[in-house]
$ cat protein_23.cif   # mmCIF, C-alpha atoms, pLDDT in the B column; chains and numbers go by the auth columns
data_input
#
loop_
_atom_site.group_PDB
_atom_site.id
_atom_site.type_symbol
_atom_site.label_atom_id
_atom_site.label_comp_id
_atom_site.label_asym_id
_atom_site.label_seq_id
_atom_site.Cartn_x
_atom_site.Cartn_y
_atom_site.Cartn_z
_atom_site.B_iso_or_equiv
_atom_site.auth_seq_id
_atom_site.auth_asym_id
ATOM 1 C CA GLU A 1 45.343 18.861 41.622 54.00 1 J
ATOM 2 C CA GLU A 2 42.184 17.793 39.778 63.00 2 J
ATOM 3 C CA LEU A 3 43.522 19.074 36.469 64.00 3 J
ATOM 4 C CA VAL A 4 46.865 17.306 36.862 60.00 4 J
ATOM 5 C CA ASN A 5 45.164 14.033 37.851 63.00 5 J
ATOM 6 C CA THR A 6 42.931 14.322 34.802 67.00 6 J
ATOM 7 C CA TRP A 7 45.981 14.734 32.584 69.00 7 J
ATOM 8 C CA VAL A 8 47.668 11.747 34.205 70.00 8 J
ATOM 9 C CA LEU A 9 44.572 9.580 33.802 71.00 9 J
ATOM 10 C CA LYS A 10 44.200 10.527 30.142 76.00 10 J
ATOM 11 C CA PHE A 11 47.910 9.973 29.567 78.00 11 J
ATOM 12 C CA TYR A 12 47.926 6.450 31.020 78.00 12 J
ATOM 13 C CA LEU A 13 44.724 5.417 29.255 79.00 13 J
ATOM 14 C CA LEU A 14 45.883 6.723 25.892 81.00 14 J
ATOM 15 C CA ALA A 15 49.432 5.434 26.298 79.00 15 J
ATOM 16 C CA GLY A 16 48.123 1.997 27.224 79.00 16 J
ATOM 17 C CA LEU A 17 45.756 1.924 24.278 80.00 17 J
ATOM 18 C CA GLN A 18 48.438 3.078 21.863 82.00 18 J
ATOM 19 C CA SER A 19 50.942 0.518 23.163 82.00 19 J
ATOM 20 C CA PHE A 20 48.410 -2.275 22.789 80.00 20 J
ATOM 21 C CA ARG A 21 47.396 -1.218 19.267 82.00 21 J
ATOM 22 C CA GLU A 22 51.020 -1.019 18.164 86.00 22 J
ATOM 23 C CA GLY A 23 51.845 -4.444 19.600 87.00 23 J
ATOM 24 C CA ARG A 24 54.203 -3.065 22.244 84.00 24 J
ATOM 25 C CA TYR A 25 52.963 -5.486 24.849 83.00 25 J
ATOM 26 C CA GLN A 26 55.852 -4.952 27.282 85.00 26 J
ATOM 27 C CA ASP A 27 55.043 -1.236 27.387 82.00 27 J
ATOM 28 C CA PHE A 28 51.360 -2.066 27.763 79.00 28 J
ATOM 29 C CA GLN A 29 52.130 -4.393 30.671 80.00 29 J
ATOM 30 C CA GLN A 30 54.182 -1.704 32.387 79.00 30 J
ATOM 31 C CA ILE A 31 51.321 0.773 32.086 75.00 31 J
ATOM 32 C CA ARG A 32 48.928 -1.893 33.305 72.00 32 J
ATOM 33 C CA ASP A 33 51.162 -2.461 36.319 70.00 33 J
ATOM 34 C CA ILE A 34 50.952 1.218 37.216 68.00 34 J
ATOM 35 C CA ILE A 35 47.275 0.746 37.901 60.00 35 J
ATOM 36 C CA GLN A 36 47.572 -2.835 39.203 57.00 36 J
ATOM 37 C CA ASP A 37 45.403 -2.097 42.229 63.00 37 J
ATOM 38 C CA CYS A 38 42.497 -1.898 39.839 53.00 38 J
ATOM 39 C CA THR A 39 41.290 -5.313 38.753 51.00 39 J
ATOM 40 C CA PHE A 40 38.837 -6.512 36.160 54.00 40 J
ATOM 41 C CA ASP A 41 35.973 -8.715 37.285 55.00 41 J
ATOM 42 C CA THR A 42 36.503 -11.921 35.308 57.00 42 J
ATOM 43 C CA GLU A 43 34.034 -14.000 37.311 61.00 43 J
ATOM 44 C CA SER A 44 30.878 -12.136 36.327 70.00 44 J
ATOM 45 C CA GLU A 45 28.736 -11.870 33.228 81.00 45 J
ATOM 46 C CA LEU A 46 30.211 -8.436 32.495 82.00 46 J
ATOM 47 C CA THR A 47 32.163 -7.953 29.311 82.00 47 J
ATOM 48 C CA PRO A 48 35.787 -6.832 29.735 77.00 48 J
ATOM 49 C CA LEU A 49 34.824 -3.335 28.620 79.00 49 J
ATOM 50 C CA GLU A 50 32.027 -3.175 31.207 83.00 50 J
ATOM 51 C CA SER A 51 34.490 -4.363 33.810 77.00 51 J
ATOM 52 C CA SER A 52 36.849 -1.561 32.824 76.00 52 J
ATOM 53 C CA LEU A 53 34.150 0.857 33.964 81.00 53 J
ATOM 54 C CA ASN A 54 34.754 -0.483 37.461 76.00 54 J
ATOM 55 C CA VAL A 55 38.434 0.362 37.059 72.00 55 J
ATOM 56 C CA LEU A 56 37.525 3.930 36.152 76.00 56 J
ATOM 57 C CA ASP A 57 35.219 4.119 39.164 77.00 57 J
ATOM 58 C CA HIS A 58 38.119 2.977 41.338 71.00 58 J
ATOM 59 C CA LEU A 59 40.437 5.559 39.800 70.00 59 J
ATOM 60 C CA GLU A 60 37.850 8.268 40.407 73.00 60 J
ATOM 61 C CA LYS A 61 37.745 7.350 44.089 71.00 61 J
ATOM 62 C CA GLU A 62 41.520 7.151 44.432 66.00 62 J
ATOM 63 C CA CYS A 63 42.387 10.304 42.500 65.00 63 J
ATOM 64 C CA ILE A 64 40.797 13.670 42.090 61.00 64 J
ATOM 65 C CA VAL A 65 39.902 13.828 38.412 65.00 65 J
ATOM 66 C CA SER A 66 37.490 15.873 36.387 69.00 66 J
ATOM 67 C CA GLU A 67 34.039 14.295 36.061 73.00 67 J
ATOM 68 C CA ASN A 68 33.928 15.653 32.531 74.00 68 J
ATOM 69 C CA CYS A 69 37.028 13.645 31.637 73.00 69 J
ATOM 70 C CA THR A 70 35.812 10.357 33.067 78.00 70 J
ATOM 71 C CA ALA A 71 32.248 10.846 31.815 83.00 71 J
ATOM 72 C CA LYS A 72 33.440 11.073 28.214 81.00 72 J
ATOM 73 C CA ILE A 73 35.673 8.027 28.643 82.00 73 J
ATOM 74 C CA LYS A 74 32.898 6.042 30.337 85.00 74 J
ATOM 75 C CA ASN A 75 30.416 6.876 27.604 87.00 75 J
ATOM 76 C CA ALA A 76 32.872 5.778 24.907 85.00 76 J
ATOM 77 C CA ILE A 77 33.523 2.494 26.757 84.00 77 J
ATOM 78 C CA LYS A 78 29.789 1.856 27.155 90.00 78 J
ATOM 79 C CA GLU A 79 29.191 2.427 23.453 90.00 79 J
ATOM 80 C CA MET A 80 32.119 0.207 22.520 87.00 80 J
ATOM 81 C CA ALA A 81 30.884 -2.606 24.805 87.00 81 J
ATOM 82 C CA VAL A 82 27.616 -2.713 22.863 92.00 82 J
ATOM 83 C CA LEU A 83 29.298 -2.334 19.466 91.00 83 J
ATOM 84 C CA VAL A 84 31.743 -5.185 20.100 87.00 84 J
ATOM 85 C CA CYS A 85 28.840 -7.521 20.872 91.00 85 J
ATOM 86 C CA LEU A 86 27.012 -6.419 17.726 93.00 86 J
ATOM 87 C CA LYS A 87 30.149 -6.850 15.619 91.00 87 J
ATOM 88 C CA ASN A 88 30.484 -10.398 16.935 91.00 88 J
ATOM 89 C CA ALA A 89 26.807 -11.078 16.093 94.00 89 J
ATOM 90 C CA GLU A 90 26.021 -11.543 19.796 93.00 90 J
ATOM 91 C CA PHE A 91 22.734 -9.681 19.617 95.00 91 J
ATOM 92 C CA VAL A 92 21.185 -10.958 22.853 95.00 92 J
ATOM 93 C CA LYS A 93 24.385 -10.119 24.697 93.00 93 J
ATOM 94 C CA ALA A 94 24.432 -6.664 23.074 94.00 94 J
ATOM 95 C CA SER A 95 20.894 -6.098 24.292 94.00 95 J
ATOM 96 C CA ASP A 96 21.858 -7.169 27.816 93.00 96 J
ATOM 97 C CA VAL A 97 24.919 -4.898 27.814 93.00 97 J
ATOM 98 C CA LEU A 98 22.842 -2.002 26.493 93.00 98 J
ATOM 99 C CA LYS A 99 20.348 -2.435 29.330 93.00 99 J
ATOM 100 C CA ARG A 100 23.096 -2.707 31.962 91.00 100 J
ATOM 101 C CA VAL A 101 25.175 0.277 30.893 91.00 101 J
ATOM 102 C CA PHE A 102 22.504 2.641 29.594 89.00 102 J
ATOM 103 C CA GLY A 103 19.491 1.312 31.489 86.00 103 J
ATOM 104 C CA ASN A 104 18.202 4.595 32.917 74.00 104 J
ATOM 105 C CA ASP A 105 19.494 6.986 30.269 69.00 105 J
ATOM 106 C CA PRO A 106 16.509 9.192 29.277 65.00 106 J
ATOM 107 C CA SER A 107 17.905 9.875 25.789 65.00 107 J
ATOM 108 C CA LEU A 108 17.880 6.139 25.043 61.00 108 J
ATOM 109 C CA GLN A 109 14.350 5.794 26.339 58.00 109 J
ATOM 110 C CA LYS A 110 13.203 8.200 23.616 56.00 110 J
ATOM 111 C CA ALA A 111 15.126 6.171 21.002 53.00 111 J
ATOM 112 C CA ARG A 112 13.489 2.930 22.163 52.00 112 J
ATOM 113 C CA GLU A 113 10.028 4.442 21.831 57.00 113 J
ATOM 114 C CA ALA A 114 10.666 5.672 18.278 49.00 114 J
#
$ encode --input "protein_23.cif" --output "structure tokens"
Amino acid sequence: EELVNTWVLKFYLLAGLQSFREGRYQDFQQIRDIIQDCTFDTESELTPLESSLNVLDHLEKECIVSENCTAKIKNAIKEMAVLVCLKNAEFVKASDVLKRVFGNDPSLQKAREA
């Protein structure tokens, strides 16, 4: 069951991303509707990508999925949340996001000290 749920999660995430990138917004909306119970927090200071981490947390609770699968996805989302801020020259925001999403990561602590 865990393996199948992992495949399904990967499928929906990748299909949604591909639909969005290709401008197939109707397809994207249909995929979005499949996971409509998961909502993004638009009222907080979180970036949309940080908020998507909450969606993944919700999916983890609702479905049995491999931690390895979601850990890789979460890490990529965290990195992208920081990179988007940097790309938009929002350096203070990037710093805040970095602290929120990687705050206690020991590998980053070593990088900060260097």
$ resolve_selection --input "protein_23.cif" --expression "the PyMOL selection byres ((chain J and resi 75) around 12)" --output "VMD selection string"
chain J and resid 49 to 50 52 to 53 56 67 to 74 76 to 82 98 101 to 102 105
$ resolve_selection --input "protein_23.cif" --expression "the PyMOL selection byres ((chain J and resi 16) around 9)" --output "list of chain:residue names"
J:Phe11, J:Tyr12, J:Leu13, J:Leu14, J:Ala15, J:Leu17, J:Gln18, J:Ser19, J:Phe20, J:Arg21, J:Asp27, J:Phe28, J:Gln29, J:Gln30, J:Ile31, J:Arg32
$ atom_distance --input "protein_23.cif" --atom1 "CA of Thr47 in chain J" --atom2 "CA of Asp96 in chain J"
10.4 Å
$ closest_residue --input "protein_23.cif" --among "J:Phe91, J:Arg24, J:Asn104, J:Cys85" --to "Leu46 in chain J" --atoms "all atoms listed in the file"
J:Cys85
$ atom_distance --input "protein_23.cif" --atom1 "CA of Asp33 in chain J" --atom2 "CA of Lys87 in chain J"
29.8 Å
$ atom_distance --input "protein_23.cif" --atom1 "CA of Ser44 in chain J" --atom2 "CA of Ala94 in chain J"
15.7 Å
$ axis_aligned_box --input "protein_23.cif" --around "range 46-60 of chain J" --padding-each-side "3 Å" --output "AutoDock Vina command-line options"
--center_x 35.3 --center_y -0.1 --center_z 35.0 --size_x 16.2 --size_y 22.7 --size_z 18.7
